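Okay, coords39.txt now, which holds compact mmCIF, C-alpha atoms and all ligand atoms:
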# COMPACT_ATOMS: atom_id res chain seq x y z
CA MET A 21 95.54 80.00 97.91
CA MET A 22 92.21 78.96 99.48
CA GLU A 23 92.54 75.46 100.93
CA GLN A 24 90.48 73.02 102.96
CA SER A 25 92.11 70.98 105.72
CA PHE A 26 90.80 67.98 107.63
CA VAL A 27 91.03 68.64 111.35
CA MET A 28 89.91 66.26 114.06
CA MET A 29 89.73 66.73 117.80
CA LYS A 30 90.66 63.34 119.25
CA PRO A 31 88.67 61.55 122.02
CA ASP A 32 90.54 63.24 124.89
CA VAL A 33 89.18 66.67 123.87
CA ALA A 34 85.45 65.89 124.32
CA GLN A 35 86.27 63.93 127.49
CA ARG A 36 88.21 66.89 128.89
CA ARG A 37 85.39 69.32 127.85
CA LEU A 38 87.83 71.31 125.69
CA LEU A 39 85.99 71.18 122.34
CA GLY A 40 84.77 74.78 122.49
CA LYS A 41 88.03 76.22 123.74
CA ILE A 42 90.06 74.58 120.96
CA LEU A 43 87.53 75.41 118.22
CA THR A 44 87.78 79.06 119.27
CA ARG A 45 91.46 79.11 118.28
CA PHE A 46 90.58 78.41 114.65
CA GLU A 47 87.64 80.83 114.62
CA GLU A 48 89.63 83.66 116.21
CA LYS A 49 92.42 83.26 113.66
CA GLY A 50 89.93 83.95 110.85
CA LEU A 51 89.51 80.42 109.51
CA GLN A 52 86.11 79.19 108.32
CA LEU A 53 84.38 76.00 109.50
CA VAL A 54 82.74 74.31 106.50
CA ALA A 55 81.91 70.86 107.94
CA MET A 56 81.68 69.28 111.38
CA LYS A 57 80.67 65.87 112.77
CA LEU A 58 80.91 64.27 116.21
CA LEU A 59 81.45 60.57 115.69
CA GLN A 60 82.79 57.50 117.41
CA ILE A 61 85.41 56.24 114.96
CA ASP A 62 85.35 52.46 114.46
CA GLU A 63 88.40 50.26 114.09
CA SER A 64 88.25 50.00 110.32
CA LEU A 65 88.00 53.78 109.82
CA ALA A 66 90.83 54.34 112.33
CA LYS A 67 93.04 51.85 110.50
CA GLU A 68 92.29 53.42 107.14
CA HIS A 69 92.86 56.98 108.37
CA TYR A 70 96.20 56.04 109.96
CA GLY A 71 97.14 53.43 107.31
CA GLU A 72 100.61 54.94 106.77
CA HIS A 73 101.49 54.01 110.38
CA ALA A 74 100.30 50.36 110.18
CA GLU A 75 103.81 48.99 110.73
CA LYS A 76 104.75 51.33 113.56
CA PRO A 77 105.08 49.98 117.11
CA PHE A 78 102.53 52.51 118.40
CA PHE A 79 99.85 51.61 115.81
CA ASN A 80 97.62 49.45 118.04
CA ASP A 81 97.72 52.00 120.86
CA LEU A 82 96.89 54.75 118.34
CA VAL A 83 93.86 52.81 117.04
CA SER A 84 92.65 52.15 120.63
CA TYR A 85 93.06 55.84 121.50
CA ILE A 86 91.19 57.07 118.44
CA THR A 87 88.31 54.59 118.83
CA SER A 88 87.95 54.99 122.61
CA SER A 89 85.32 57.77 122.69
CA PRO A 90 83.83 60.30 120.21
CA SER A 91 86.02 62.55 118.06
CA LEU A 92 85.02 65.83 116.40
CA ALA A 93 85.82 65.74 112.67
CA MET A 94 85.92 69.04 110.80
CA VAL A 95 86.80 70.63 107.50
CA ILE A 96 88.34 74.06 107.97
CA LYS A 97 88.92 76.49 105.12
CA GLY A 98 91.17 79.50 104.65
CA ASP A 99 94.12 81.00 102.82
CA ASP A 100 96.99 78.48 103.05
CA ALA A 101 94.88 76.64 105.64
CA ILE A 102 96.80 73.34 105.59
CA SER A 103 100.21 74.66 106.68
CA LEU A 104 98.67 77.40 108.83
CA ILE A 105 96.63 74.87 110.81
CA ARG A 106 99.69 72.63 111.31
CA LYS A 107 101.38 75.68 112.88
CA ILE A 108 98.37 76.35 115.12
CA VAL A 109 98.34 72.66 116.14
CA GLY A 110 102.08 72.39 116.92
CA ALA A 111 104.58 69.51 116.91
CA THR A 112 103.37 65.88 117.09
CA ASN A 113 105.10 65.41 120.45
CA PRO A 114 103.42 67.81 122.90
CA LYS A 115 106.64 67.94 124.92
CA GLU A 116 108.33 69.56 121.92
CA ALA A 117 105.35 71.66 120.81
CA ASP A 118 105.78 75.39 121.37
CA LEU A 119 103.66 77.01 124.04
CA GLY A 120 100.89 78.91 122.27
CA THR A 121 100.15 75.96 119.97
CA ILE A 122 97.21 73.67 120.75
CA ARG A 123 99.40 70.67 121.56
CA GLY A 124 101.85 72.87 123.45
CA ASP A 125 99.07 74.29 125.61
CA PHE A 126 96.70 71.36 126.08
CA ALA A 127 98.70 68.10 125.87
CA MET A 128 101.48 66.18 127.60
CA ASP A 129 102.00 62.90 125.70
CA MET A 130 102.33 61.81 122.07
CA GLY A 131 99.59 59.21 122.59
CA ARG A 132 97.19 61.87 123.94
CA ASN A 133 98.05 64.78 121.65
CA VAL A 134 94.44 66.03 121.34
CA ILE A 135 94.20 66.90 117.65
CA HIS A 136 94.86 65.79 114.09
CA ALA A 137 95.38 68.09 111.11
CA SER A 138 96.23 67.21 107.49
CA ASP A 139 99.90 67.66 106.60
CA ALA A 140 99.61 68.23 102.82
CA PRO A 141 97.01 68.92 100.10
CA GLU A 142 96.91 65.24 99.02
CA SER A 143 96.31 63.97 102.56
CA ALA A 144 93.69 66.69 103.16
CA LYS A 145 91.79 65.53 100.08
CA ARG A 146 92.00 61.87 101.10
CA GLU A 147 91.03 62.50 104.73
CA ILE A 148 88.10 64.81 103.90
CA ALA A 149 86.69 62.17 101.53
CA LEU A 150 87.12 59.49 104.20
CA PHE A 151 85.01 61.36 106.75
CA PHE A 152 82.60 63.52 104.72
CA ASP A 153 80.33 63.23 101.69
CA ASP A 154 80.53 66.15 99.24
CA ASP A 155 77.06 67.38 100.28
CA GLU A 156 78.14 67.62 103.93
CA ILE A 157 80.62 70.38 103.10
CA CYS A 158 79.02 73.84 103.20
CA ASP A 159 79.84 76.49 100.63
CA TYR A 160 79.03 79.88 102.15
CA GLN A 161 80.37 83.38 102.46
CA MET A 162 81.49 84.87 105.79
CA VAL A 163 80.14 88.39 106.39
CA ASP A 164 83.49 89.54 107.81
CA ASP A 165 85.65 88.25 104.92
CA SER A 166 86.63 91.77 103.86
CA TRP A 167 87.82 92.42 107.44
CA ILE A 168 89.85 89.23 107.55
CA TYR A 169 91.37 89.34 104.05
CA GLU A 170 92.80 92.50 102.44
P1 LIG B 201 100.79 64.11 113.22
O1 LIG B 201 99.51 63.72 113.95
O2 LIG B 201 101.47 65.29 113.89
O3 LIG B 201 100.58 64.30 111.74
P2 LIG B 201 102.03 61.51 112.72
O4 LIG B 201 103.49 61.25 112.68
O5 LIG B 201 101.27 61.42 111.42
O6 LIG B 201 101.82 62.92 113.42
O7 LIG B 201 101.41 60.47 113.76
C1 LIG B 201 100.02 60.26 113.84
C2 LIG B 201 99.64 60.15 115.29
O8 LIG B 201 100.20 58.95 115.82
C3 LIG B 201 100.18 61.25 116.21
O9 LIG B 201 99.38 62.42 116.21
C4 LIG B 201 100.18 60.57 117.56
O10 LIG B 201 98.86 60.56 118.15
C5 LIG B 201 100.55 59.14 117.19
N1 LIG B 201 102.00 58.91 117.32
C6 LIG B 201 102.97 59.26 116.45
N2 LIG B 201 104.17 58.88 116.89
C7 LIG B 201 103.95 58.25 118.08
C8 LIG B 201 104.82 57.62 119.04
O11 LIG B 201 106.04 57.54 118.87
N3 LIG B 201 104.20 57.11 120.16
C9 LIG B 201 102.86 57.18 120.36
N4 LIG B 201 102.02 57.75 119.48
C10 LIG B 201 102.55 58.28 118.36

Produce structure tokens that represent the structure in this file.
Amino acid sequence: MMEQSFVMMKPDVAQRRLLGKILTRFEEKGLQLVAMKLLQIDESLAKEHYGEHAEKPFFNDLVSYITSSPSLAMVIKGDDAISLIRKIVGATNPKEADLGTIRGDFAMDMGRNVIHASDAPESAKREIALFFDDDEICDYQMVDDSWIYE
């Protein structure tokens, strides 16, 4: 089933000049970029995005990390995109993430784990709406679709 996922490269990625390299992983897989925005997330947006973690001991550090420098917010589309992208991203703790995943290849610590990706259709819907207006999401056909999908 065609799905849209909210994916966000966290502040360490732009700072480490890895935006292009990590974006390439999604493009090469055959996924489609339908929205993209470089933004410095403010405290209230960070707290809303990570609301489910408000009571966790790492919450304040997480908000400082996410607001520290610009992030690249994206909507990425594809067949079963939500679970597929979680696989491409790897485990939350980069020390446990398999090599070959983004976190496994580019990160060392949980508090610097380079990327966010929605974990379910409901969270994808909520997160996309938090970061993008409807008219910021592009609806277009890829010319190579028939070479990507059977
Ligand atoms: P996810 O990003 O893989 O979906 P969540 O459990 O939703 O993982 O946690 C959100 C983010 O909070 C993580 O990506 C990570 O940056 C941070 N985080 C989660 N657990 C810890 C922790 O124990 N210490 C520090 N940061 C954490």

Which residue is closest to ligand LIG 201 (chain B)? Choose from A:Ser89, A:Thr112, A:Ser143, A:Gln161 and count only C-alpha atoms and all ligand atoms.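 For ligand LIG 201 (chain B), the nearest of the given residues is A:Thr112.
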
Counting all atoms listed in the file, what residues are within 9 Å of ligand LIG 201 (chain B), given as a ChimeraX atom specification? /A:30,70,72-73,76-79,81-83,85-86,106,109-113,129-139

Mind writing the picked residues with C-alpha atoms as a PDB file, keeping the file's coordinate frame?
ATOM      1  CA  LYS A  30      90.660  63.340 119.250  1.00  0.00           C
ATOM      2  CA  TYR A  70      96.200  56.040 109.960  1.00  0.00           C
ATOM      3  CA  GLU A  72     100.610  54.940 106.770  1.00  0.00           C
ATOM      4  CA  HIS A  73     101.490  54.010 110.380  1.00  0.00           C
ATOM      5  CA  LYS A  76     104.750  51.330 113.560  1.00  0.00           C
ATOM      6  CA  PRO A  77     105.080  49.980 117.110  1.00  0.00           C
ATOM      7  CA  PHE A  78     102.530  52.510 118.400  1.00  0.00           C
ATOM      8  CA  PHE A  79      99.850  51.610 115.810  1.00  0.00           C
ATOM      9  CA  ASP A  81      97.720  52.000 120.860  1.00  0.00           C
ATOM     10  CA  LEU A  82      96.890  54.750 118.340  1.00  0.00           C
ATOM     11  CA  VAL A  83      93.860  52.810 117.040  1.00  0.00           C
ATOM     12  CA  TYR A  85      93.060  55.840 121.500  1.00  0.00           C
ATOM     13  CA  ILE A  86      91.190  57.070 118.440  1.00  0.00           C
ATOM     14  CA  ARG A 106      99.690  72.630 111.310  1.00  0.00           C
ATOM     15  CA  VAL A 109      98.340  72.660 116.140  1.00  0.00           C
ATOM     16  CA  GLY A 110     102.080  72.390 116.920  1.00  0.00           C
ATOM     17  CA  ALA A 111     104.580  69.510 116.910  1.00  0.00           C
ATOM     18  CA  THR A 112     103.370  65.880 117.090  1.00  0.00           C
ATOM     19  CA  ASN A 113     105.100  65.410 120.450  1.00  0.00           C
ATOM     20  CA  ASP A 129     102.000  62.900 125.700  1.00  0.00           C
ATOM     21  CA  MET A 130     102.330  61.810 122.070  1.00  0.00           C
ATOM     22  CA  GLY A 131      99.590  59.210 122.590  1.00  0.00           C
ATOM     23  CA  ARG A 132      97.190  61.870 123.940  1.00  0.00           C
ATOM     24  CA  ASN A 133      98.050  64.780 121.650  1.00  0.00           C
ATOM     25  CA  VAL A 134      94.440  66.030 121.340  1.00  0.00           C
ATOM     26  CA  ILE A 135      94.200  66.900 117.650  1.00  0.00           C
ATOM     27  CA  HIS A 136      94.860  65.790 114.090  1.00  0.00           C
ATOM     28  CA  ALA A 137      95.380  68.090 111.110  1.00  0.00           C
ATOM     29  CA  SER A 138      96.230  67.210 107.490  1.00  0.00           C
ATOM     30  CA  ASP A 139      99.900  67.660 106.600  1.00  0.00           C
TER      31      ASP A 139
END

Mind giving me the straight-line distance from CA of Asp118 in chain A to CA of Phe46 in chain A in Å, one decimal? 16.9 Å

Need the shell around range 51-63 of chain A: protein/DNA/RNA residues with any atom at most 9 Å away, counting all atoms listed in the file. Skip same-chain ones fewer than 5 positions apart. Format as a ChimeraX atom specification? /A:24,31,46,68,83-84,86-99,101,151-152,156-160,162

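Closest approach to Met28 in chain A among A:Ile105, A:Ala74, A:Ala117, A:Ala140 is made by A:Ile105 (distances from only C-alpha atoms).
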
CA of Gly71 in chain A to CA of Ile108 in chain A: how many Å, to one decimal?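 Interatomic distance here is 24.2 Å.
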
Of the candidates A:Val163, A:Ile168, A:Ile42, A:Leu150, which shows the shortest atom-to-atom distance to His69 in chain A, using all atoms listed in the file?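 The shortest atom-to-atom distance to His69 in chain A comes from A:Leu150.
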
Nearest to Met21 in chain A, chosen from A:Ser103, A:Thr121, A:Thr44, A:Asn80, with all atoms listed in the file counted in the distances: A:Ser103

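For the pair CA of Arg37 in chain A and CA of Lys107 in chain A, the interatomic distance is 22.8 Å.
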
Proximity to Ala127 in chain A - best of A:Arg36, A:Lys145, A:Lys49, A:Lys67, all atoms listed in the file: A:Arg36

Find, counting all atoms listed in the file, the residue in A:Leu65, A:Gly50, A:Glu23, A:Asp153 that gets nearest to Tyr169 in chain A.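 Of A:Leu65, A:Gly50, A:Glu23, A:Asp153, the one nearest Tyr169 in chain A, counting all atoms listed in the file, is A:Gly50.
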
Using the incomplete input, complete range 41-73 of chain A to the level of N, CA and C atoms; output as a CSV table (one decimal), in the coordinates of the input.
chain,number,residue,atom,x,y,z
A,41,LYS,N,86.8,75.4,123.6
A,41,LYS,CA,88.0,76.2,123.7
A,41,LYS,C,89.0,76.1,122.5
A,42,ILE,N,89.1,74.8,122.1
A,42,ILE,CA,90.1,74.6,121.0
A,42,ILE,C,89.5,75.1,119.6
A,43,LEU,N,88.2,74.9,119.4
A,43,LEU,CA,87.5,75.4,118.2
A,43,LEU,C,87.7,76.9,118.1
A,44,THR,N,87.6,77.6,119.2
A,44,THR,CA,87.8,79.1,119.3
A,44,THR,C,89.1,79.5,118.7
A,45,ARG,N,90.2,78.7,118.8
A,45,ARG,CA,91.5,79.1,118.3
A,45,ARG,C,91.4,79.3,116.8
A,46,PHE,N,90.7,78.3,116.1
A,46,PHE,CA,90.6,78.4,114.6
A,46,PHE,C,89.7,79.6,114.2
A,47,GLU,N,88.6,79.7,115.0
A,47,GLU,CA,87.6,80.8,114.6
A,47,GLU,C,88.3,82.2,114.8
A,48,GLU,N,89.0,82.4,115.9
A,48,GLU,CA,89.6,83.7,116.2
A,48,GLU,C,90.7,84.0,115.2
A,49,LYS,N,91.4,83.0,114.7
A,49,LYS,CA,92.4,83.3,113.7
A,49,LYS,C,91.8,83.8,112.4
A,50,GLY,N,90.6,83.5,112.1
A,50,GLY,CA,89.9,84.0,110.8
A,50,GLY,C,89.6,82.8,109.9
A,51,LEU,N,89.8,81.6,110.4
A,51,LEU,CA,89.5,80.4,109.5
A,51,LEU,C,88.0,80.2,109.5
A,52,GLN,N,87.5,79.4,108.5
A,52,GLN,CA,86.1,79.2,108.3
A,52,GLN,C,85.8,77.7,108.5
A,53,LEU,N,84.8,77.4,109.3
A,53,LEU,CA,84.4,76.0,109.5
A,53,LEU,C,83.4,75.7,108.4
A,54,VAL,N,83.7,74.6,107.6
A,54,VAL,CA,82.7,74.3,106.5
A,54,VAL,C,82.1,72.9,106.7
A,55,ALA,N,82.6,72.1,107.6
A,55,ALA,CA,81.9,70.9,107.9
A,55,ALA,C,82.3,70.4,109.3
A,56,MET,N,81.4,69.7,110.0
A,56,MET,CA,81.7,69.3,111.4
A,56,MET,C,80.8,68.1,111.7
A,57,LYS,N,81.4,67.1,112.4
A,57,LYS,CA,80.7,65.9,112.8
A,57,LYS,C,81.3,65.2,114.0
A,58,LEU,N,80.4,65.0,115.0
A,58,LEU,CA,80.9,64.3,116.2
A,58,LEU,C,80.6,62.8,116.0
A,59,LEU,N,81.7,62.0,116.0
A,59,LEU,CA,81.4,60.6,115.7
A,59,LEU,C,82.4,59.7,116.5
A,60,GLN,N,81.9,58.5,116.8
A,60,GLN,CA,82.8,57.5,117.4
A,60,GLN,C,83.4,56.7,116.3
A,61,ILE,N,84.7,56.9,116.1
A,61,ILE,CA,85.4,56.2,115.0
A,61,ILE,C,85.5,54.7,115.2
A,62,ASP,N,85.2,53.9,114.2
A,62,ASP,CA,85.4,52.5,114.5
A,62,ASP,C,86.7,52.0,114.0
A,63,GLU,N,87.0,50.8,114.3
A,63,GLU,CA,88.4,50.3,114.1
A,63,GLU,C,88.8,50.3,112.6
A,64,SER,N,87.9,50.0,111.7
A,64,SER,CA,88.2,50.0,110.3
A,64,SER,C,88.5,51.4,109.8
A,65,LEU,N,87.7,52.4,110.2
A,65,LEU,CA,88.0,53.8,109.8
A,65,LEU,C,89.3,54.3,110.4
A,66,ALA,N,89.6,53.9,111.7
A,66,ALA,CA,90.8,54.3,112.3
A,66,ALA,C,92.0,53.8,111.6
A,67,LYS,N,91.9,52.5,111.2
A,67,LYS,CA,93.0,51.8,110.5
A,67,LYS,C,93.3,52.4,109.1
A,68,GLU,N,92.2,52.8,108.5
A,68,GLU,CA,92.3,53.4,107.1
A,68,GLU,C,92.9,54.8,107.3
A,69,HIS,N,92.4,55.6,108.2
A,69,HIS,CA,92.9,57.0,108.4
A,69,HIS,C,94.4,57.0,108.7
A,70,TYR,N,94.8,56.1,109.5
A,70,TYR,CA,96.2,56.0,110.0
A,70,TYR,C,97.0,54.9,109.2
A,71,GLY,N,96.5,54.5,108.1
A,71,GLY,CA,97.1,53.4,107.3
A,71,GLY,C,98.7,53.5,107.2
A,72,GLU,N,99.2,54.8,107.0
A,72,GLU,CA,100.6,54.9,106.8
A,72,GLU,C,101.4,54.5,108.0
A,73,HIS,N,100.8,54.4,109.2
A,73,HIS,CA,101.5,54.0,110.4
A,73,HIS,C,101.3,52.5,110.8
